[in-house]
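Chemist: Input file: my_file_36.cif. Contents: mmCIF, C-alpha atoms.
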```
data_run
#
loop_
_atom_site.label_atom_id
_atom_site.label_comp_id
_atom_site.auth_asym_id
_atom_site.auth_seq_id
_atom_site.Cartn_x
_atom_site.Cartn_y
_atom_site.Cartn_z
CA MET Q 15 -17.42 3.79 7.06
CA CYS Q 16 -14.90 1.14 8.07
CA ALA Q 17 -16.40 -1.09 10.74
CA THR Q 18 -13.04 -2.71 11.32
CA CYS Q 19 -11.21 0.36 12.59
CA GLY Q 20 -13.93 3.02 12.94
CA CYS Q 21 -12.35 5.41 10.43
CA GLY Q 22 -14.22 7.60 7.97
CA ASP Q 23 -16.36 6.78 4.93
CA ASP Q 24 -14.26 6.04 1.85
CA ALA Q 25 -16.60 8.25 -0.20
CA ALA Q 26 -14.77 11.22 1.32
CA ALA Q 27 -11.38 10.15 -0.04
CA LEU Q 28 -9.89 12.59 -2.55
CA ILE Q 29 -7.99 11.46 -5.63
CA ARG Q 30 -5.46 14.21 -6.39
CA VAL Q 31 -3.09 14.59 -9.31
CA PRO Q 32 -0.02 16.79 -8.75
CA HIS Q 33 0.44 19.45 -11.45
CA ASP Q 34 3.47 21.17 -12.90
CA HIS Q 35 2.20 24.59 -11.87
CA GLN Q 36 1.84 25.60 -8.25
CA HIS Q 37 -1.50 25.65 -6.50
CA ALA Q 38 -2.39 26.87 -3.09
CA GLU Q 39 -3.35 23.94 -0.88
CA GLY Q 40 -7.01 24.87 -1.10
CA HIS Q 41 -7.01 24.91 -4.91
CA GLU Q 42 -5.78 21.41 -5.72
CA HIS Q 43 -7.91 19.56 -8.23
CA ALA Q 44 -9.72 16.65 -6.60
CA HIS Q 45 -11.75 13.84 -8.06
CA PRO Q 46 -14.80 13.30 -5.84
CA ALA Q 47 -16.61 10.06 -5.16
CA GLU Q 48 -18.41 8.35 -8.03
CA HIS Q 49 -21.78 9.92 -7.28
CA GLY Q 50 -20.38 13.39 -6.82
CA HIS Q 51 -21.06 13.81 -3.12
CA THR Q 52 -18.59 13.81 -0.27
CA HIS Q 53 -19.19 13.26 3.39
CA GLU Q 54 -17.56 14.41 6.57
CA HIS Q 55 -15.48 11.69 8.15
CA ALA Q 56 -17.23 10.66 11.31
CA HIS Q 57 -17.09 7.75 13.66
CA CYS Q 58 -20.17 5.60 13.81
CA PRO Q 59 -22.44 7.00 16.55
CA ASP Q 60 -23.28 3.46 17.65
CA THR Q 61 -19.66 2.63 18.38
CA ASP Q 62 -18.85 6.08 19.79
CA HIS Q 63 -21.62 6.23 22.39
CA VAL Q 64 -23.41 2.89 22.70
CA HIS Q 65 -22.10 -0.56 23.53
CA VAL Q 66 -22.45 -2.81 20.47
CA PRO Q 67 -22.62 -6.58 21.10
CA ALA Q 68 -19.56 -8.40 19.81
CA THR Q 69 -21.63 -10.58 17.48
CA GLU Q 70 -23.05 -7.50 15.73
CA THR Q 71 -19.60 -5.94 15.42
CA VAL Q 72 -18.13 -9.08 13.88
CA SER Q 73 -21.07 -9.39 11.48
CA LEU Q 74 -20.66 -5.81 10.30
CA GLU Q 75 -16.89 -6.27 9.94
CA LEU Q 76 -17.39 -9.38 7.80
CA LYS Q 77 -19.84 -7.53 5.55
CA VAL Q 78 -17.39 -4.65 5.08
CA LEU Q 79 -14.52 -7.01 4.25
CA ALA Q 80 -16.68 -9.15 1.94
CA LYS Q 81 -17.71 -6.08 -0.04
CA ASN Q 82 -14.10 -4.94 -0.25
CA ASP Q 83 -12.98 -8.39 -1.44
CA ARG Q 84 -15.53 -8.28 -4.28
CA LEU Q 85 -14.25 -4.88 -5.38
CA ALA Q 86 -10.65 -6.10 -5.07
CA GLN Q 87 -11.44 -8.92 -7.48
CA ARG Q 88 -12.72 -6.33 -9.95
CA ASN Q 89 -9.44 -4.43 -9.57
CA ARG Q 90 -7.44 -7.63 -10.01
CA ALA Q 91 -9.24 -8.43 -13.25
CA TRP Q 92 -8.77 -4.85 -14.48
CA LEU Q 93 -5.04 -5.05 -13.80
CA ALA Q 94 -4.66 -8.52 -15.30
CA GLU Q 95 -6.33 -7.45 -18.54
CA ARG Q 96 -3.62 -4.82 -18.93
CA GLY Q 97 -0.69 -6.93 -17.74
CA ILE Q 98 -0.10 -4.58 -14.80
CA VAL Q 99 1.73 -5.89 -11.73
CA ALA Q 100 0.47 -4.09 -8.62
CA LEU Q 101 2.32 -4.17 -5.30
CA ASN Q 102 0.74 -2.95 -2.07
CA MET Q 103 3.52 -1.26 -0.06
CA THR Q 104 2.78 -1.16 3.68
CA SER Q 105 4.73 -0.01 6.72
CA SER Q 106 4.67 2.11 9.84
CA PRO Q 107 5.19 5.84 9.24
CA GLY Q 108 8.84 6.65 8.60
CA ALA Q 109 10.06 3.18 7.58
CA GLY Q 110 11.26 4.54 4.24
CA LYS Q 111 8.64 3.49 1.67
CA THR Q 112 8.65 6.74 -0.29
CA THR Q 113 12.44 6.98 -0.36
CA LEU Q 114 12.61 3.37 -1.53
CA LEU Q 115 10.16 4.12 -4.35
CA GLU Q 116 12.09 7.23 -5.41
CA ARG Q 117 15.31 5.26 -5.79
CA THR Q 118 13.56 2.28 -7.38
CA ILE Q 119 11.96 4.51 -10.02
CA ARG Q 120 15.27 6.20 -10.85
CA GLU Q 121 17.14 2.90 -11.13
CA SER Q 122 14.37 0.75 -12.59
CA GLY Q 123 15.56 0.53 -16.19
CA ARG Q 124 12.97 0.18 -18.95
CA THR Q 125 9.90 -1.01 -17.05
CA PRO Q 126 7.24 1.74 -16.89
CA ILE Q 127 6.30 2.55 -13.30
CA ALA Q 128 3.28 4.35 -11.85
CA VAL Q 129 2.41 5.08 -8.23
CA ILE Q 130 -0.74 5.51 -6.15
CA GLU Q 131 0.14 7.42 -2.98
CA GLY Q 132 -2.02 6.99 0.13
CA ASP Q 133 -1.89 9.51 2.99
CA GLN Q 134 -4.44 11.08 5.26
CA ALA Q 135 -3.54 14.56 3.99
CA THR Q 136 -1.21 16.60 1.72
CA LEU Q 137 0.39 16.02 -1.67
CA LEU Q 138 3.90 15.86 -0.22
CA ASP Q 139 4.73 12.26 -1.14
CA ALA Q 140 3.06 12.52 -4.54
CA GLU Q 141 5.18 15.57 -5.32
CA ARG Q 142 8.32 13.64 -4.36
CA ILE Q 143 7.35 10.80 -6.70
CA LYS Q 144 6.41 13.21 -9.49
CA ALA Q 145 9.89 14.79 -9.24
CA THR Q 146 11.36 11.46 -10.42
CA GLY Q 147 9.37 11.74 -13.66
CA CYS Q 148 6.95 9.01 -12.63
CA ARG Q 149 3.17 9.22 -13.09
CA VAL Q 150 1.40 9.42 -9.74
CA VAL Q 151 -1.93 10.17 -8.10
CA GLN Q 152 -2.49 10.96 -4.44
CA VAL Q 153 -5.34 9.49 -2.41
CA ASN Q 154 -6.07 11.52 0.72
CA THR Q 155 -8.12 9.43 3.10
CA GLY Q 156 -8.96 12.12 5.66
CA ALA Q 157 -9.71 10.28 8.90
CA GLY Q 158 -9.24 6.93 7.18
CA CYS Q 159 -6.23 4.87 8.23
CA HIS Q 160 -5.90 2.69 5.11
CA LEU Q 161 -6.68 2.43 1.43
CA ASP Q 162 -9.46 0.12 0.29
CA ALA Q 163 -10.42 -1.46 -3.02
CA GLU Q 164 -12.90 1.28 -3.98
CA MET Q 165 -10.37 4.08 -3.39
CA THR Q 166 -7.85 2.10 -5.41
CA TYR Q 167 -10.27 1.67 -8.31
CA ARG Q 168 -10.97 5.41 -8.45
CA ALA Q 169 -7.22 6.09 -8.33
CA LEU Q 170 -6.65 3.62 -11.18
CA GLU Q 171 -9.25 5.44 -13.28
CA ALA Q 172 -7.49 8.76 -12.66
CA LEU Q 173 -3.99 7.34 -13.22
CA ASP Q 174 -4.86 5.10 -16.21
CA PRO Q 175 -1.53 3.21 -16.16
CA ALA Q 176 -0.25 1.87 -19.46
CA PRO Q 177 -0.30 -1.87 -20.17
CA GLY Q 178 2.74 -3.61 -18.72
CA THR Q 179 3.23 -1.03 -15.96
CA LEU Q 180 4.70 -1.89 -12.58
CA LEU Q 181 2.28 -0.21 -10.18
CA PHE Q 182 3.24 0.62 -6.61
CA VAL Q 183 0.42 1.41 -4.19
CA GLU Q 184 1.98 3.15 -1.20
CA ASN Q 185 -0.56 2.57 1.54
CA VAL Q 186 -1.19 4.82 4.52
CA GLY Q 187 1.51 4.33 7.18
CA ASN Q 188 -0.16 1.77 9.43
CA LEU Q 189 0.49 -1.91 10.16
CA VAL Q 190 -3.05 -2.75 11.30
CA CYS Q 191 -5.98 -2.22 8.90
CA PRO Q 192 -4.02 -2.40 5.61
CA ALA Q 193 -3.37 -6.06 6.44
CA LEU Q 194 -7.11 -6.80 6.14
CA PHE Q 195 -8.00 -4.83 3.02
CA ASP Q 196 -7.20 -6.45 -0.32
CA LEU Q 197 -6.71 -3.82 -3.03
CA GLY Q 198 -6.41 -6.28 -5.93
CA GLU Q 199 -2.62 -6.30 -5.70
CA ARG Q 200 -0.33 -9.15 -6.69
CA GLN Q 201 1.63 -9.00 -3.42
CA LYS Q 202 1.84 -7.06 -0.19
CA VAL Q 203 5.34 -5.81 0.52
CA VAL Q 204 5.92 -4.93 4.18
CA VAL Q 205 8.70 -2.46 4.96
CA VAL Q 206 10.12 -2.26 8.47
CA SER Q 207 13.23 -0.44 9.62
CA VAL Q 208 15.89 -1.23 12.20
CA THR Q 209 14.89 1.90 14.14
CA GLU Q 210 11.47 0.40 14.97
CA GLY Q 211 12.45 -2.47 17.25
CA THR Q 212 13.13 -6.18 16.80
CA ASP Q 213 9.71 -7.23 18.10
CA LYS Q 214 7.62 -5.37 15.49
CA PRO Q 215 6.45 -8.64 13.80
CA LEU Q 216 5.16 -9.98 17.12
CA LYS Q 217 3.14 -6.83 17.72
CA TYR Q 218 1.55 -6.78 14.24
CA PRO Q 219 1.28 -10.45 13.22
CA HIS Q 220 -1.60 -10.04 10.74
CA MET Q 221 0.45 -7.76 8.52
CA PHE Q 222 3.40 -10.15 8.43
CA GLN Q 223 1.07 -13.10 7.76
CA ALA Q 224 -0.24 -11.21 4.71
CA ALA Q 225 3.20 -10.27 3.39
CA GLY Q 226 4.62 -11.65 0.16
CA LEU Q 227 7.95 -10.02 0.96
CA VAL Q 228 9.39 -8.28 4.02
CA LEU Q 229 12.01 -5.57 3.54
CA VAL Q 230 14.12 -4.63 6.57
CA ASN Q 231 15.34 -1.13 5.76
CA LYS Q 232 18.08 1.13 7.19
CA ILE Q 233 20.55 -1.67 7.91
CA ASP Q 234 23.30 0.94 7.61
CA LEU Q 235 22.16 2.05 11.08
CA LEU Q 236 22.58 -1.36 12.72
CA PRO Q 237 25.80 -0.34 14.55
CA TYR Q 238 23.93 2.51 16.21
CA VAL Q 239 20.60 0.98 17.26
CA ASP Q 240 19.44 -1.87 19.48
CA PHE Q 241 18.11 -4.20 16.77
CA ASP Q 242 18.73 -7.92 16.34
CA LEU Q 243 18.33 -8.71 12.63
CA ASP Q 244 18.55 -12.48 13.05
CA ARG Q 245 15.94 -12.52 15.81
CA CYS Q 246 13.61 -10.25 13.81
CA ARG Q 247 13.90 -12.67 10.89
CA GLU Q 248 13.05 -15.55 13.24
CA TYR Q 249 9.97 -13.70 14.50
CA ILE Q 250 8.80 -13.01 10.96
CA ARG Q 251 9.21 -16.62 9.86
CA ALA Q 252 7.55 -17.94 13.01
CA ILE Q 253 4.49 -15.93 11.99
CA HIS Q 254 4.81 -16.58 8.24
CA PRO Q 255 7.03 -19.59 7.48
CA GLY Q 256 8.82 -19.36 4.16
CA VAL Q 257 8.26 -15.65 3.53
CA GLU Q 258 11.31 -13.96 2.00
CA VAL Q 259 13.01 -11.42 4.27
CA LEU Q 260 15.33 -8.98 2.52
CA PRO Q 261 17.59 -6.64 4.55
CA LEU Q 262 18.54 -3.49 2.67
CA SER Q 263 19.51 0.14 2.97
CA VAL Q 264 17.97 2.65 0.60
CA SER Q 265 20.58 5.15 1.76
CA SER Q 266 23.69 3.05 1.08
CA GLY Q 267 22.21 0.87 -1.66
CA ALA Q 268 22.92 -2.40 0.15
CA GLY Q 269 20.48 -5.12 -0.86
CA LEU Q 270 18.79 -3.06 -3.58
CA SER Q 271 19.99 -5.28 -6.43
CA THR Q 272 18.19 -8.22 -4.79
CA TRP Q 273 15.07 -6.07 -4.46
CA TYR Q 274 15.22 -5.20 -8.16
CA ASP Q 275 15.67 -8.88 -9.03
CA TRP Q 276 12.56 -9.71 -6.98
CA LEU Q 277 10.59 -7.03 -8.84
CA ALA Q 278 11.69 -8.49 -12.17
CA GLU Q 279 10.54 -11.93 -11.01
CA GLN Q 280 7.09 -10.53 -10.20
CA GLY Q 281 6.80 -9.24 -13.76
CA CYS Q 282 7.90 -12.58 -15.21
CA ALA Q 283 5.47 -14.47 -12.98
CA ALA Q 284 2.63 -12.20 -14.02
CA GLY Q 285 3.49 -12.77 -17.67
CA SER Q 286 3.53 -16.55 -17.19
CA ALA Q 287 0.17 -16.40 -15.44
CA ALA Q 288 -1.28 -14.42 -18.32
CA LEU Q 289 0.02 -16.95 -20.83
CA GLU Q 290 -1.44 -19.85 -18.81
CA ASP Q 291 -4.78 -18.05 -18.60
CA ALA Q 292 -4.79 -17.43 -22.37
CA ALA Q 293 -3.94 -21.08 -23.01
CA GLY Q 294 -6.76 -22.17 -20.74
CA HIS Q 295 -9.24 -20.15 -22.78
CA ALA Q 296 -7.90 -21.30 -26.16
#
```
Show me the file's structure as structure tokens.

Modeler:
Amino acid sequence: MCATCGCGDDAAALIRVPHDHQHAEGHEHAHPAEHGHTHEHAHCPDTDHVHVPATETVSLELKVLAKNDRLAQRNRAWLAERGIVALNMTSSPGAGKTTLLERTIRESGRTPIAVIEGDQATLLDAERIKATGCRVVQVNTGAGCHLDAEMTYRALEALDPAPGTLLFVENVGNLVCPALFDLGERQKVVVVSVTEGTDKPLKYPHMFQAAGLVLVNKIDLLPYVDFDLDRCREYIRAIHPGVEVLPLSVSSGAGLSTWYDWLAEQGCAAGSAALEDAAGHA
């Protein structure tokens, strides 16, 4: 179980592949945990009913994160061997991640794209991505509030993305725990929207500190909401100096060309890194 947030054991996560034919919800194919057993999601009885000293809690949290970091390095090596650029997409629920991915896939050009969808339940977002023609697997975390490196590895095995793929990992809608859990991605991309409030970066600083890019979505609604774009940008850069902040609207298309340019740069940077690594081993 996750000592950081108290959510369920990642062994209970289900890796689900949407199919062309219809299934009742109870008949979806699911890939169980590596050892074939699943567990009910349950909060740790120690933390539910008994006071745990802060030193013990911090120690357990560090062990959980250290294990995850080791697994993330395995994922990173796996992706690098195949020239796959992985981006960890994070946001609050409703910021527009899935809609952004749908449009990005349809307008992406020649780069192959694959998606890992993370949600607590349902195949709804995976079905939306599949309708674009993109390969996708769904990870249902149950009580879990984030993806971790082990869930991501099992999803990668099920998805088996082709070499050179641009891989989007759409994390569970949550700006807390996903900031702490490395999945092996190249960058974290944080999506916020103008409907969420100018002070969102101040409330969730760890996520914005971890961001490689911040997208401010739904700018077409700026005339109708109380949101100060300049001040939000100042808050973000006070927390993470130098991070790129890109305002855009998936609905109107404003800013999307800059987003696509940034994606292309990530692919070029990954290719350069691979060449440098090969030269270093020559």

Chemist: Could you state the separation of CA of Gly178 in chain Q and CA of Ile29 in chain Q in Å, given to one decimal place?

Modeler: 22.7 Å

Chemist: Please identify all polymer residues within 10 Å of Asn89 in chain Q, counting all atoms listed in the file, omitting same-chain residues fewer than 6 positions from it, and present them as a ChimeraX atom specification.

Modeler: /Q:83,95,100,163-164,166-167,170,196-199

Chemist: With all atoms listed in the file as the counted atoms, please give the residues lying no more than 9 Å from Lys202 in chain Q, apart from itself and same-chain residues fewer than 5 positions off, as a list in words.

Modeler: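 With the cut-off at 9 Å, the set is Leu101, Asn102, Met103, Thr104, Ala193, Met221, Ala224, Ala225, Gly226, Leu227 and Val228 of chain Q.
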
Chemist: Out of Q:His33, Q:Lys111, Q:Arg251, Q:Arg84, which residue has the shortest atom-to-atom distance to Lys232 in chain Q when counting all atoms listed in the file?

Modeler: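 Smallest separation from Lys232 in chain Q among the options: Q:Lys111.
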
Chemist: Using only C-alpha atoms, which residue out of Q:Gln134, Q:Thr118, Q:Gln223, Q:Ser271 lies closest to Ile250 in chain Q?

Modeler: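 The closest residue to Ile250 in chain Q is Q:Gln223.
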